[in-house]
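All remarks here apply to the structure that follows.
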Amino acid sequence: MRQRYEQAPRNIVRFSVGPSWLVSNYQLGNKMYQSKMGVDVAVDYDHVWKSGLGIGINYLHNYTSFDEGVCMRLNYIGPSFVGTLPYRKSRWDIVLGVGYCHYSESLGAMSCSESHVAPYMRIGWEYKLGQNIALGLQTNLITVKLDKPDDVV
């Protein structure tokens, strides 16, 4: 078991692109969206010690657009704690962090934005293809509580 951790990579830079889902209710005019698909782009850096624990920094950009022409963007950056479980050529990881989140939405020339502190979680699996490259799957979860607009009761 100890040998697995000693041979595992110590510094990992990760770039990922994939689908995302807005899972909260989102109202535009008279239409209520129960969920909406978008695109996530993430860049992560993890430093993992021989114990399998480590620290990292995470950046996440989410983009979602709606039929009404509204574009929604969410940017997150923050530090994290990393836990890994290497096994032969593969590795599981879980990441927990808290960071700065900037939310914005726009419709033509009009826009509004908010900034908040937000929790972040990533769960992933990677398979090592070569000395310095791996392919994997990951799930990112970020929760942001937005302020209620002034004109909403």
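To be explicit about the labels: the chains of the structure tokens are called A, B, and onward in the order shown, and within each one the residues are counted from 1, while ligands get numbers from 1 in the order they are shown.
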Original post:
If you run DSSP on the backbone, which residues of chain A are strand (DSSP E or B), as a PyMOL selection string?
Top reply: chain A and resi 11-22+26-28+31-33+36-48+53-65+71-87+90-107+110-128+134-142
Subject >> Distance query Met32 of chain A at most 12 Å, only C-alpha atoms, self and fewer than 5 positions along chain excluded, as a list in words >> reply: Ser24, Asn25, Tyr26, Gln27, Phe66, Asp67 and Glu68 of chain A
Original post:
Which residue out of A:Asn30, A:Ser104, A:Thr84, A:Asn11 has the minimum interatomic distance to Ile57 of chain A when only C-alpha atoms are used?
Top reply: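 Using only C-alpha atoms, the shortest distance to Ile57 of chain A belongs to A:Asn11.
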Subject >> Interatomic distance, atom CA of Leu107 of chain A to atom CA of Gly69 of chain A (Å, one decimal) >> reply: 6.0 Å
**OP:** Please provide as a list in words all residues within 8 Å of Ile12 of chain A, with the sequence filter that same-chain residues fewer than 4 positions apart are discarded (counting only C-alpha atoms).
**Re:** Asp44, Tyr45, Asp46 and His47 of chain A
Selection file, all heavy atoms, as a PDB file, in the first residue's frame:
```
ATOM      1  N   ASP A  44      -7.027  22.745 -12.824  1.00  0.00           N
ATOM      2  CA  ASP A  44      -6.693  22.415 -11.437  1.00  0.00           C
ATOM      3  C   ASP A  44      -5.205  22.135 -11.309  1.00  0.00           C
ATOM      4  O   ASP A  44      -4.587  21.608 -12.236  1.00  0.00           O
ATOM      5  CB  ASP A  44      -7.441  21.150 -10.993  1.00  0.00           C
ATOM      6  CG  ASP A  44      -8.935  21.259 -11.147  1.00  0.00           C
ATOM      7  OD1 ASP A  44      -9.525  22.085 -10.454  1.00  0.00           O
ATOM      8  OD2 ASP A  44      -9.504  20.506 -11.959  1.00  0.00           O
ATOM      9  N   TYR A  45      -4.673  22.475 -10.155  1.00  0.00           N
ATOM     10  CA  TYR A  45      -3.311  22.072  -9.791  1.00  0.00           C
ATOM     11  C   TYR A  45      -3.397  21.403  -8.426  1.00  0.00           C
ATOM     12  O   TYR A  45      -3.974  21.960  -7.495  1.00  0.00           O
ATOM     13  CB  TYR A  45      -2.354  23.261  -9.713  1.00  0.00           C
ATOM     14  CG  TYR A  45      -1.053  22.881  -9.062  1.00  0.00           C
ATOM     15  CD1 TYR A  45      -0.098  22.138  -9.756  1.00  0.00           C
ATOM     16  CD2 TYR A  45      -0.790  23.206  -7.740  1.00  0.00           C
ATOM     17  CE1 TYR A  45       1.081  21.754  -9.153  1.00  0.00           C
ATOM     18  CE2 TYR A  45       0.391  22.818  -7.128  1.00  0.00           C
ATOM     19  CZ  TYR A  45       1.320  22.089  -7.835  1.00  0.00           C
ATOM     20  OH  TYR A  45       2.490  21.699  -7.230  1.00  0.00           O
ATOM     21  N   ASP A  46      -2.865  20.193  -8.316  1.00  0.00           N
ATOM     22  CA  ASP A  46      -2.814  19.467  -7.045  1.00  0.00           C
ATOM     23  C   ASP A  46      -1.368  19.139  -6.714  1.00  0.00           C
ATOM     24  O   ASP A  46      -0.611  18.714  -7.586  1.00  0.00           O
ATOM     25  CB  ASP A  46      -3.577  18.137  -7.126  1.00  0.00           C
ATOM     26  CG  ASP A  46      -5.046  18.297  -7.439  1.00  0.00           C
ATOM     27  OD1 ASP A  46      -5.592  19.395  -7.214  1.00  0.00           O
ATOM     28  OD2 ASP A  46      -5.659  17.310  -7.900  1.00  0.00           O
ATOM     29  N   HIS A  47      -0.998  19.329  -5.459  1.00  0.00           N
ATOM     30  CA  HIS A  47       0.279  18.820  -4.949  1.00  0.00           C
ATOM     31  C   HIS A  47      -0.068  17.786  -3.892  1.00  0.00           C
ATOM     32  O   HIS A  47      -0.732  18.098  -2.909  1.00  0.00           O
ATOM     33  CB  HIS A  47       1.140  19.930  -4.334  1.00  0.00           C
ATOM     34  CG  HIS A  47       2.393  19.377  -3.738  1.00  0.00           C
ATOM     35  ND1 HIS A  47       3.487  19.059  -4.515  1.00  0.00           N
ATOM     36  CD2 HIS A  47       2.707  19.039  -2.466  1.00  0.00           C
ATOM     37  CE1 HIS A  47       4.428  18.562  -3.728  1.00  0.00           C
ATOM     38  NE2 HIS A  47       3.984  18.532  -2.493  1.00  0.00           N
TER      39      HIS A  47
END
```
Go through segment 18-126 of chain A and flag each residue having an atom no more than 9 Å from segment 131-135 of chain A; for those, report the closest pair of atoms plus their distance in Å to one decimal, using only C-alpha atoms, ordered by chain and rising number, as CSV.
```
residue,atom,partner,partner_atom,distance
A:Ser90,CA,A:Ala134,CA,8.7
A:Trp125,CA,A:Leu135,CA,8.5
A:Glu126,CA,A:Leu135,CA,5.5
```
Original post:
Of the candidates A:Glu105, A:Ile94, A:Leu141, A:Gly136, which shows the shortest atom-to-atom distance to Ile123 of chain A, using only C-alpha atoms?
Top reply: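 Ranking A:Glu105, A:Ile94, A:Leu141, A:Gly136 by distance to Ile123 of chain A, first place goes to A:Ile94.
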Subject >> Point-to-point distance in Å for atom CA of Leu129 of chain A and atom CA of His61 of chain A >> reply: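 Between these atoms lies a distance of 26.6 Å.
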Subject >> Nearest to Ser80 of chain A by atom-to-atom distance, counting only C-alpha atoms, from A:Lys128, A:His116, A:Lys31, A:Arg122 >> reply: A:Arg122
Original post:
Which one of A:Val48, A:Val23, A:Val39, A:Met72 sits closest to Ser111 of chain A if you count only C-alpha atoms?
Top reply: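 When distances to Ser111 of chain A are compared using only C-alpha atoms, the smallest one comes from A:Met72.
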Subject >> Long-range neighbours of segment 16-18 of chain A as a list in words, 8 Å cut-off, only C-alpha atoms, 6 positions minimum in chain >> reply: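 My reading of the contact set: Val39, Asp40, Val41, Ala42 and Val43 of chain A.
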